[in-house]
>>> print(open('run_16.cif').read())   # mmCIF, C-alpha atoms and all ligand atoms
data_run
loop_
_atom_site.label_atom_id
_atom_site.label_comp_id
_atom_site.auth_asym_id
_atom_site.auth_seq_id
_atom_site.Cartn_x
_atom_site.Cartn_y
_atom_site.Cartn_z
CA MET N 27 142.03 25.14 155.22
CA LYS N 28 142.42 21.93 153.21
CA THR N 29 142.05 22.39 149.45
CA LYS N 30 138.59 21.27 148.36
CA ARG N 31 138.09 19.02 145.36
CA ILE N 32 134.93 19.38 143.28
CA LEU N 33 133.51 17.35 140.44
CA THR N 34 131.71 19.40 137.84
CA MET N 35 129.63 17.55 135.31
CA GLN N 36 128.62 19.46 132.18
CA ASP N 37 129.38 19.71 128.47
CA LEU N 38 132.51 21.03 126.81
CA SER N 39 131.44 23.63 124.24
CA CYS N 40 134.66 24.34 122.38
CA VAL N 41 133.58 27.90 121.52
CA GLY N 42 131.03 29.89 123.47
CA GLN N 43 132.24 30.77 127.00
CA CYS N 44 129.82 28.49 128.81
CA SER N 45 129.69 25.26 130.81
CA LEU N 46 133.14 23.70 131.38
CA THR N 47 135.11 26.50 129.75
CA VAL N 48 133.84 28.86 132.44
CA ALA N 49 133.46 26.46 135.40
CA LEU N 50 137.02 25.18 135.18
CA PRO N 51 138.84 28.54 135.23
CA ILE N 52 136.48 30.14 137.75
CA LEU N 53 136.48 27.31 140.31
CA SER N 54 140.26 26.92 139.94
CA ARG N 55 140.80 30.66 140.41
CA TYR N 56 138.97 30.38 143.73
CA GLY N 57 141.48 27.72 144.84
CA ILE N 58 139.27 24.67 144.34
CA GLU N 59 140.74 21.58 142.69
CA THR N 60 138.35 21.17 139.78
CA CYS N 61 137.79 17.74 138.28
CA VAL N 62 135.53 17.40 135.28
CA LEU N 63 133.12 14.88 133.86
CA PRO N 64 132.46 16.14 130.33
CA THR N 65 129.06 14.95 129.16
CA ALA N 66 129.46 15.92 125.49
CA VAL N 67 131.80 17.84 123.20
CA LEU N 68 130.11 20.49 121.05
CA SER N 69 131.72 22.65 118.39
CA ASN N 70 130.01 25.64 120.10
CA HIS N 71 126.95 26.18 122.26
CA THR N 72 123.47 25.81 120.83
CA MET N 73 122.69 29.51 120.50
CA PHE N 74 124.87 29.59 117.38
CA LYS N 75 123.27 28.77 114.02
CA GLY N 76 124.49 25.15 114.04
CA TRP N 77 126.62 22.87 116.16
CA SER N 78 128.26 19.45 116.19
CA TYR N 79 127.58 17.15 119.15
CA LEU N 80 129.66 14.22 120.33
CA ASP N 81 127.75 12.43 123.07
CA LEU N 82 130.24 11.13 125.65
CA THR N 83 127.66 8.99 127.48
CA PRO N 84 129.22 5.70 126.23
CA GLU N 85 132.62 6.65 127.74
CA LEU N 86 131.33 7.61 131.17
CA PRO N 87 130.98 4.10 132.71
CA ALA N 88 134.71 3.52 132.08
CA ILE N 89 135.59 6.82 133.74
CA TYR N 90 133.35 5.87 136.66
CA GLU N 91 135.01 2.43 137.06
CA ASN N 92 138.51 3.89 137.03
CA TRP N 93 137.67 6.53 139.62
CA LYS N 94 136.09 3.81 141.75
CA ASN N 95 139.22 1.64 141.49
CA ASN N 96 141.37 4.63 142.45
CA ASN N 97 139.13 5.50 145.40
CA ILE N 98 138.59 9.07 144.19
CA LYS N 99 136.36 11.25 146.41
CA PHE N 100 134.98 14.76 145.99
CA ASP N 101 134.06 17.46 148.52
CA ALA N 102 131.28 18.82 146.31
CA PHE N 103 129.45 18.35 143.02
CA LEU N 104 128.30 20.99 140.54
CA LEU N 105 126.05 19.84 137.72
CA GLY N 106 125.20 21.96 134.68
CA TYR N 107 124.23 21.11 131.09
CA LEU N 108 124.07 17.31 130.91
CA GLY N 109 122.35 17.04 127.53
CA LYS N 110 121.04 13.45 127.76
CA ALA N 111 118.51 12.12 130.25
CA GLU N 112 120.46 8.83 130.56
CA LEU N 113 123.29 10.71 132.27
CA MET N 114 121.21 11.40 135.33
CA ALA N 115 121.40 7.81 136.59
CA LEU N 116 125.18 8.01 136.28
CA ALA N 117 125.21 11.31 138.16
CA GLU N 118 123.37 9.61 141.02
CA LYS N 119 125.87 6.75 141.01
CA CYS N 120 128.67 9.34 141.26
CA PHE N 121 127.03 10.98 144.30
CA ASP N 122 126.70 7.54 145.95
CA GLU N 123 130.24 6.38 145.20
CA PHE N 124 132.45 9.47 145.20
CA SER N 125 131.12 11.76 147.98
CA CYS N 126 133.25 12.76 150.94
CA GLU N 127 131.04 12.99 154.01
CA GLY N 128 128.61 15.90 153.71
CA ALA N 129 129.65 16.78 150.13
CA PRO N 130 126.99 19.17 148.82
CA VAL N 131 125.31 18.46 145.48
CA ILE N 132 124.57 21.69 143.61
CA ILE N 133 122.40 21.27 140.53
CA ASP N 134 121.80 23.93 137.91
CA PRO N 135 119.22 22.17 135.72
CA VAL N 136 120.24 24.03 132.49
CA PHE N 137 117.63 23.11 129.88
CA ALA N 138 115.59 26.27 129.18
CA ASP N 139 115.40 30.06 129.29
CA ASN N 140 113.08 32.88 128.23
CA GLY N 141 110.03 30.60 128.39
CA LYS N 142 111.47 27.96 126.02
CA LEU N 143 113.45 24.72 126.12
CA TYR N 144 116.97 24.90 124.64
CA GLY N 145 117.47 23.06 121.33
CA GLY N 146 117.73 19.29 121.81
CA PHE N 147 115.70 19.10 125.05
CA ASP N 148 112.22 17.67 125.56
CA LEU N 149 109.72 17.06 128.35
CA ALA N 150 111.15 13.58 129.00
CA TYR N 151 114.43 15.29 129.96
CA VAL N 152 112.54 17.65 132.26
CA ALA N 153 110.83 14.65 133.92
CA GLU N 154 114.21 13.01 134.63
CA MET N 155 115.61 16.28 135.98
CA ARG N 156 112.58 16.52 138.26
CA LYS N 157 113.72 13.21 139.80
CA LEU N 158 117.42 14.13 139.95
CA ILE N 159 116.86 17.33 141.93
CA LYS N 160 115.58 15.19 144.81
CA ARG N 161 119.25 14.43 145.42
CA ALA N 162 120.35 18.07 145.46
CA ASP N 163 121.39 20.18 148.43
CA ILE N 164 120.95 23.32 146.36
CA ILE N 165 119.16 23.83 143.04
CA LEU N 166 119.68 26.86 140.81
CA PRO N 167 116.89 26.90 138.20
CA ASN N 168 116.04 30.07 136.32
CA VAL N 169 112.37 31.12 136.21
CA THR N 170 111.72 29.21 132.97
CA GLU N 171 113.26 25.99 134.31
CA ALA N 172 111.32 26.42 137.56
CA CYS N 173 108.11 26.61 135.48
CA PHE N 174 108.93 23.48 133.47
CA LEU N 175 109.96 21.52 136.57
CA THR N 176 106.73 22.42 138.38
CA ASP N 177 104.42 22.23 135.35
CA THR N 178 103.51 25.89 135.69
CA GLU N 179 102.72 28.19 132.80
CA TYR N 180 105.60 30.66 132.16
CA LYS N 181 104.97 34.34 132.80
CA GLU N 182 107.21 37.25 131.78
CA ASP N 183 106.03 39.13 134.82
CA HIS N 184 107.94 37.74 137.80
CA ASP N 185 105.66 39.10 140.50
CA GLU N 186 106.46 38.13 144.07
CA GLU N 187 103.53 35.75 144.52
CA PHE N 188 104.29 33.90 141.28
CA VAL N 189 107.96 33.30 142.10
CA LYS N 190 107.20 32.33 145.69
CA LEU N 191 104.65 29.81 144.44
CA LEU N 192 107.28 28.36 142.09
CA ALA N 193 109.69 28.05 145.01
CA GLU N 194 107.07 26.29 147.15
CA LYS N 195 106.31 23.85 144.34
CA LEU N 196 110.02 23.17 143.83
CA ALA N 197 110.47 22.61 147.56
CA ALA N 198 108.02 19.72 147.22
CA LEU N 199 110.42 18.13 144.69
CA THR N 200 113.65 18.42 146.69
CA ASN N 201 114.82 18.61 150.29
CA GLY N 202 117.53 21.00 149.13
CA THR N 203 117.54 24.78 149.15
CA VAL N 204 115.74 26.33 146.19
CA ILE N 205 117.40 29.32 144.56
CA ILE N 206 115.45 30.72 141.61
CA THR N 207 117.76 32.82 139.45
CA GLY N 208 117.21 35.54 136.87
CA LEU N 209 114.23 36.93 138.69
CA GLU N 210 113.40 40.46 137.51
CA LYS N 211 111.68 42.89 139.85
CA ASP N 212 111.40 46.70 140.09
CA GLY N 213 114.17 47.26 137.54
CA LYS N 214 116.50 44.90 139.41
CA ILE N 215 117.57 41.31 138.78
CA GLY N 216 118.54 38.58 141.20
CA GLU N 217 117.53 35.48 143.07
CA LEU N 218 114.90 34.17 145.44
CA ILE N 219 116.36 31.87 148.11
CA TYR N 220 113.78 29.52 149.62
CA ARG N 221 114.57 27.19 152.49
CA GLY N 222 112.45 25.75 155.29
CA GLY N 223 109.40 27.79 154.29
CA LYS N 224 111.32 31.09 154.46
CA SER N 225 112.27 33.20 151.48
CA GLU N 226 114.79 35.95 150.87
CA ASN N 227 115.48 38.04 147.76
CA VAL N 228 118.92 39.12 146.59
CA LEU N 229 118.43 41.82 143.96
CA LEU N 230 121.09 43.88 142.20
CA GLU N 231 121.17 46.36 139.34
CA LYS N 232 119.79 45.08 136.04
CA LEU N 233 121.87 45.95 133.01
CA PRO N 234 120.17 46.19 129.61
CA ALA N 235 122.55 43.59 128.11
CA LYS N 236 121.67 39.88 128.09
CA ARG N 237 124.32 37.37 127.18
CA HIS N 238 124.78 33.65 126.95
CA GLY N 239 126.72 31.69 129.58
CA THR N 240 125.99 34.07 132.44
CA GLY N 241 123.97 31.35 134.23
CA ASP N 242 126.98 29.02 134.16
CA ILE N 243 129.22 31.82 135.45
CA PHE N 244 126.71 32.54 138.20
CA ALA N 245 126.64 28.85 139.24
CA SER N 246 130.46 28.64 139.31
CA VAL N 247 131.01 31.78 141.39
CA PHE N 248 128.09 30.88 143.66
CA THR N 249 129.57 27.41 144.26
CA ALA N 250 133.08 28.74 144.85
CA SER N 251 131.83 31.32 147.38
CA TYR N 252 129.61 28.82 149.14
CA LEU N 253 132.39 26.24 149.45
CA GLY N 254 134.60 29.02 150.78
CA GLY N 255 132.21 29.44 153.72
CA ALA N 256 129.98 32.31 152.57
CA SER N 257 126.24 32.15 153.32
CA LEU N 258 123.69 31.42 150.59
CA ALA N 259 122.76 35.12 150.31
CA GLU N 260 126.41 36.25 150.27
CA SER N 261 127.19 33.64 147.62
CA CYS N 262 124.27 34.85 145.47
CA ARG N 263 125.38 38.45 145.86
CA ALA N 264 129.00 37.63 144.96
CA ALA N 265 127.90 35.64 141.91
CA SER N 266 125.44 38.30 140.72
CA GLN N 267 128.04 41.04 141.14
CA PHE N 268 130.56 38.95 139.20
CA VAL N 269 128.08 38.56 136.32
CA ILE N 270 127.36 42.33 136.36
CA ASP N 271 131.11 43.04 136.19
CA CYS N 272 131.44 40.57 133.30
CA LEU N 273 128.63 42.29 131.38
CA LYS N 274 130.26 45.68 131.98
CA ASN N 275 133.58 44.35 130.68
CA THR N 276 132.16 42.73 127.54
CA ASP N 277 132.77 44.22 124.12
CA PRO N 278 129.40 45.39 122.74
CA ASP N 279 129.79 43.36 119.53
CA HIS N 280 130.73 40.15 121.38
CA PHE N 281 127.42 38.38 120.83
CA TYR N 282 127.84 34.85 122.18
CA GLY N 283 129.05 35.20 125.77
CA VAL N 284 130.79 37.54 128.22
CA ASN N 285 134.46 38.43 128.63
CA PHE N 286 134.64 36.94 132.13
CA GLU N 287 138.41 36.50 131.77
CA LYS N 288 138.93 40.21 132.39
CA VAL N 289 137.02 40.04 135.67
CA LEU N 290 138.73 36.83 136.76
CA SER N 291 142.17 38.37 136.38
CA LYS N 292 141.32 41.31 138.67
O1 LIG Z 301 124.86 28.07 129.07
C1 LIG Z 301 124.09 26.93 129.05
C2 LIG Z 301 124.51 26.01 127.95
C3 LIG Z 301 125.53 25.12 128.16
N1 LIG Z 301 125.96 24.29 127.20
C4 LIG Z 301 125.40 24.32 125.98
C5 LIG Z 301 124.37 25.19 125.69
C6 LIG Z 301 123.88 26.05 126.71
C7 LIG Z 301 122.76 26.94 126.44
O2 LIG Z 301 122.24 27.03 125.37
O3 LIG Z 301 123.86 25.23 124.46
C8 LIG Z 301 125.88 23.39 124.93
#
>>> encode(input="run_16.cif", output="structure tokens", more="lines below")
Ligand code: PXL
Amino acid sequence: MKTKRILTMQDLSCVGQCSLTVALPILSRYGIETCVLPTAVLSNHTMFKGWSYLDLTPELPAIYENWKNNNIKFDAFLLGYLGKAELMALAEKCFDEFSCEGAPVIIDPVFADNGKLYGGFDLAYVAEMRKLIKRADIILPNVTEACFLTDTEYKEDHDEEFVKLLAEKLAALTNGTVIITGLEKDGKIGELIYRGGKSENVLLEKLPAKRHGTGDIFASVFTASYLGGASLAESCRAASQFVIDCLKNTDPDHFYGVNFEKVLSK
């Protein structure tokens, strides 16, 4: 099989085991040529007490022009933390200009969790993301992001009806497949896959630990599996299992991420 080339667009958090520092090693490990469009450089992710932020938006048009002149094309796109609403127009230009035929666009909206927006995000960002997901083949919001995108009040209790309603509302915003992540049910955790009016749950064991960056790891493993030919459900299962293995291999006092490197090397 020909080596696939993906473009992943997200920030570079220098410390924190998230976004590009997980997507790049994971996608590469799965044999995918991984090209990056860094949206910002942060000292560390925003769950630390403070962070520096260099917005790379002004540089991106030059990167775009040079790729265009070199006729670069990608077999897939994976979007994560963009950080600035203005980047979404550029993302759309990239899909238009750099897609090989049928290249899937996978968007993890990455702006909120646990009922709250991440630091630095506002409702104007959510509104732009609502437009961008129209272009997606697959979206991977967590329950909180699904609530923000659909203007639904957040609930801790992820009962079946509530999550299905979120999926239906999201399906009205995109023609792509909706995969709601981080859904907790009957002591398990997993995803709801919603496509063409049909839904399917993939639920695995829920560990007591919660760590940062696991959503980005999930998105990377999911994308790698899916591009390798696995079904949506198989890709969710592989990604969830990978995250579980990461949590099990993480030192208890390692507070800011997971030691995914140990799982990747197995
Ligand atoms: O893991 C998501 C993420 C990515 N990048 C940055 C973040 C976060 C979540 O807080 O702060 C910079």
>>> residues_near_ligand(input="run_16.cif", ligand="ligand LIG 301 (chain Z)", cutoff="7 Å", atoms="only C-alpha atoms and all ligand atoms", output="list in words")
Asp37, Ser39, Cys44, Ser45, Leu68, Asn70, His71, Thr72, Met73, Tyr107, Val136, Tyr144, His238, Gly239, Thr240, Gly241 and Asp242 of chain N
>>> residues_around(input="run_16.cif", residues="N:Arg55", least_positions_apart="6", cutoff="10 Å", atoms="all atoms listed in the file", output="list in words")
Ala49, Val247, Ala250, Leu290 and Ser291 of chain N
>>> residues_around(input="run_16.cif", residues="N:Ala102", least_positions_apart="4", cutoff="10 Å", atoms="all atoms listed in the file", output="mmCIF file with C-alpha atoms, in the frame of the given file")
data_model
loop_
_atom_site.group_PDB
_atom_site.id
_atom_site.type_symbol
_atom_site.label_atom_id
_atom_site.label_comp_id
_atom_site.auth_asym_id
_atom_site.auth_seq_id
_atom_site.Cartn_x
_atom_site.Cartn_y
_atom_site.Cartn_z
ATOM 1 C CA LYS N 30 138.590 21.270 148.360
ATOM 2 C CA ARG N 31 138.090 19.020 145.360
ATOM 3 C CA ILE N 32 134.930 19.380 143.280
ATOM 4 C CA LEU N 33 133.510 17.350 140.440
ATOM 5 C CA THR N 34 131.710 19.400 137.840
ATOM 6 C CA THR N 60 138.350 21.170 139.780
ATOM 7 C CA PHE N 121 127.030 10.980 144.300
ATOM 8 C CA PHE N 124 132.450 9.470 145.200
ATOM 9 C CA SER N 125 131.120 11.760 147.980
ATOM 10 C CA CYS N 126 133.250 12.760 150.940
ATOM 11 C CA GLU N 127 131.040 12.990 154.010
ATOM 12 C CA GLY N 128 128.610 15.900 153.710
ATOM 13 C CA ALA N 129 129.650 16.780 150.130
ATOM 14 C CA PRO N 130 126.990 19.170 148.820
ATOM 15 C CA VAL N 131 125.310 18.460 145.480
ATOM 16 C CA ILE N 132 124.570 21.690 143.610
ATOM 17 C CA THR N 249 129.570 27.410 144.260
ATOM 18 C CA LEU N 253 132.390 26.240 149.450
#
>>> closest_atom_pairs(input="run_16.cif", of="stretch 214-291 of chain N", to="stretch 181-201 of chain N", cutoff="8 Å", atoms="only C-alpha atoms", output="CSV")
residue,atom,partner,partner_atom,distance
N:Leu218,CA,N:Val189,CA,7.8
N:Tyr220,CA,N:Ala193,CA,6.3
N:Arg221,CA,N:Ala197,CA,7.9
N:Gly223,CA,N:Glu194,CA,7.7
N:Ser225,CA,N:Lys190,CA,7.7
>>> write_last_selection(input="run_16.cif", atoms="C-alpha atoms", output="CSV table (one decimal), keeping the file's coordinate frame")
chain,number,residue,atom,x,y,z
N,218,LEU,CA,114.9,34.2,145.4
N,220,TYR,CA,113.8,29.5,149.6
N,221,ARG,CA,114.6,27.2,152.5
N,223,GLY,CA,109.4,27.8,154.3
N,225,SER,CA,112.3,33.2,151.5
>>> axis_aligned_box(input="run_16.cif", around="stretch 85-96 of chain N", padding_each_side="5 Å", output="lines of an AutoDock Vina configuration file")
center_x = 136.2
center_y = 4.6
center_z = 135.1
size_x = 20.4
size_y = 16.0
size_z = 24.7
>>> atom_distance(input="run_16.cif", atom1="atom CA of N:Arg161", atom2="atom CA of N:Trp93")
20.9 Å
>>> atom_distance(input="run_16.cif", atom1="atom CA of N:Gly76", atom2="atom CA of N:Met114")
25.6 Å
>>> atom_distance(input="run_16.cif", atom1="atom CA of N:Gly42", atom2="atom CA of N:Phe74")
8.7 Å
>>> decode(input="run_16.cif", residues="stretch 185-244 of chain N", atoms="C-alpha atoms", output="PDB file, in the first residue's frame")
ATOM      1  CA  ASP N 185     -27.748   9.329  29.623  1.00  0.00           C
ATOM      2  CA  GLU N 186     -28.435   7.648  26.297  1.00  0.00           C
ATOM      3  CA  GLU N 187     -31.207  10.002  25.203  1.00  0.00           C
ATOM      4  CA  PHE N 188     -29.141  13.103  25.974  1.00  0.00           C
ATOM      5  CA  VAL N 189     -26.095  11.971  23.990  1.00  0.00           C
ATOM      6  CA  LYS N 190     -28.208  10.743  21.080  1.00  0.00           C
ATOM      7  CA  LEU N 191     -29.948  14.117  20.957  1.00  0.00           C
ATOM      8  CA  LEU N 192     -26.542  15.828  20.865  1.00  0.00           C
ATOM      9  CA  ALA N 193     -25.514  13.579  17.976  1.00  0.00           C
ATOM     10  CA  GLU N 194     -28.709  14.370  16.057  1.00  0.00           C
ATOM     11  CA  LYS N 195     -28.188  18.094  16.562  1.00  0.00           C
ATOM     12  CA  LEU N 196     -24.569  17.810  15.420  1.00  0.00           C
ATOM     13  CA  ALA N 197     -25.650  15.835  12.354  1.00  0.00           C
ATOM     14  CA  ALA N 198     -27.647  18.901  11.330  1.00  0.00           C
ATOM     15  CA  LEU N 199     -24.377  20.900  11.323  1.00  0.00           C
ATOM     16  CA  THR N 200     -22.244  18.514   9.251  1.00  0.00           C
ATOM     17  CA  ASN N 201     -22.635  15.854   6.585  1.00  0.00           C
ATOM     18  CA  GLY N 202     -19.777  13.984   8.226  1.00  0.00           C
ATOM     19  CA  THR N 203     -19.905  11.177  10.749  1.00  0.00           C
ATOM     20  CA  VAL N 204     -20.403  12.349  14.321  1.00  0.00           C
ATOM     21  CA  ILE N 205     -18.329  10.634  16.990  1.00  0.00           C
ATOM     22  CA  ILE N 206     -18.961  11.959  20.495  1.00  0.00           C
ATOM     23  CA  THR N 207     -16.047  11.031  22.747  1.00  0.00           C
ATOM     24  CA  GLY N 208     -15.602  10.740  26.500  1.00  0.00           C
ATOM     25  CA  LEU N 209     -19.113   9.489  27.020  1.00  0.00           C
ATOM     26  CA  GLU N 210     -19.515   7.841  30.427  1.00  0.00           C
ATOM     27  CA  LYS N 211     -22.111   5.134  30.940  1.00  0.00           C
ATOM     28  CA  ASP N 212     -22.603   2.251  33.409  1.00  0.00           C
ATOM     29  CA  GLY N 213     -19.053   2.564  34.767  1.00  0.00           C
ATOM     30  CA  LYS N 214     -17.608   2.489  31.246  1.00  0.00           C
ATOM     31  CA  ILE N 215     -16.246   5.205  28.969  1.00  0.00           C
ATOM     32  CA  GLY N 216     -16.246   5.474  25.204  1.00  0.00           C
ATOM     33  CA  GLU N 217     -17.818   6.945  22.116  1.00  0.00           C
ATOM     34  CA  LEU N 218     -21.133   7.257  20.342  1.00  0.00           C
ATOM     35  CA  ILE N 219     -20.809   6.908  16.558  1.00  0.00           C
ATOM     36  CA  TYR N 220     -23.693   8.497  14.667  1.00  0.00           C
ATOM     37  CA  ARG N 221     -24.050   8.255  10.909  1.00  0.00           C
ATOM     38  CA  GLY N 222     -27.072   8.254   8.609  1.00  0.00           C
ATOM     39  CA  GLY N 223     -29.531   8.250  11.519  1.00  0.00           C
ATOM     40  CA  LYS N 224     -27.960   5.134  13.085  1.00  0.00           C
ATOM     41  CA  SER N 225     -25.957   5.098  16.280  1.00  0.00           C
ATOM     42  CA  GLU N 226     -23.496   2.686  17.846  1.00  0.00           C
ATOM     43  CA  ASN N 227     -21.682   2.813  21.190  1.00  0.00           C
ATOM     44  CA  VAL N 228     -18.100   1.702  21.758  1.00  0.00           C
ATOM     45  CA  LEU N 229     -17.579   1.449  25.515  1.00  0.00           C
ATOM     46  CA  LEU N 230     -14.503   0.197  27.360  1.00  0.00           C
ATOM     47  CA  GLU N 231     -13.361   0.066  30.974  1.00  0.00           C
ATOM     48  CA  LYS N 232     -13.241   3.417  32.759  1.00  0.00           C
ATOM     49  CA  LEU N 233     -10.140   3.991  34.850  1.00  0.00           C
ATOM     50  CA  PRO N 234     -10.327   6.370  37.818  1.00  0.00           C
ATOM     51  CA  ALA N 235      -7.452   8.501  36.429  1.00  0.00           C
ATOM     52  CA  LYS N 236      -8.122  11.516  34.200  1.00  0.00           C
ATOM     53  CA  ARG N 237      -5.241  13.142  32.395  1.00  0.00           C
ATOM     54  CA  HIS N 238      -4.607  15.896  29.927  1.00  0.00           C
ATOM     55  CA  GLY N 239      -3.826  15.176  26.262  1.00  0.00           C
ATOM     56  CA  THR N 240      -5.740  11.909  26.100  1.00  0.00           C
ATOM     57  CA  GLY N 241      -8.216  13.438  23.612  1.00  0.00           C
ATOM     58  CA  ASP N 242      -5.355  14.312  21.256  1.00  0.00           C
ATOM     59  CA  ILE N 243      -3.930  10.800  21.626  1.00  0.00           C
ATOM     60  CA  PHE N 244      -7.364   9.342  20.925  1.00  0.00           C
TER      61      PHE N 244
END
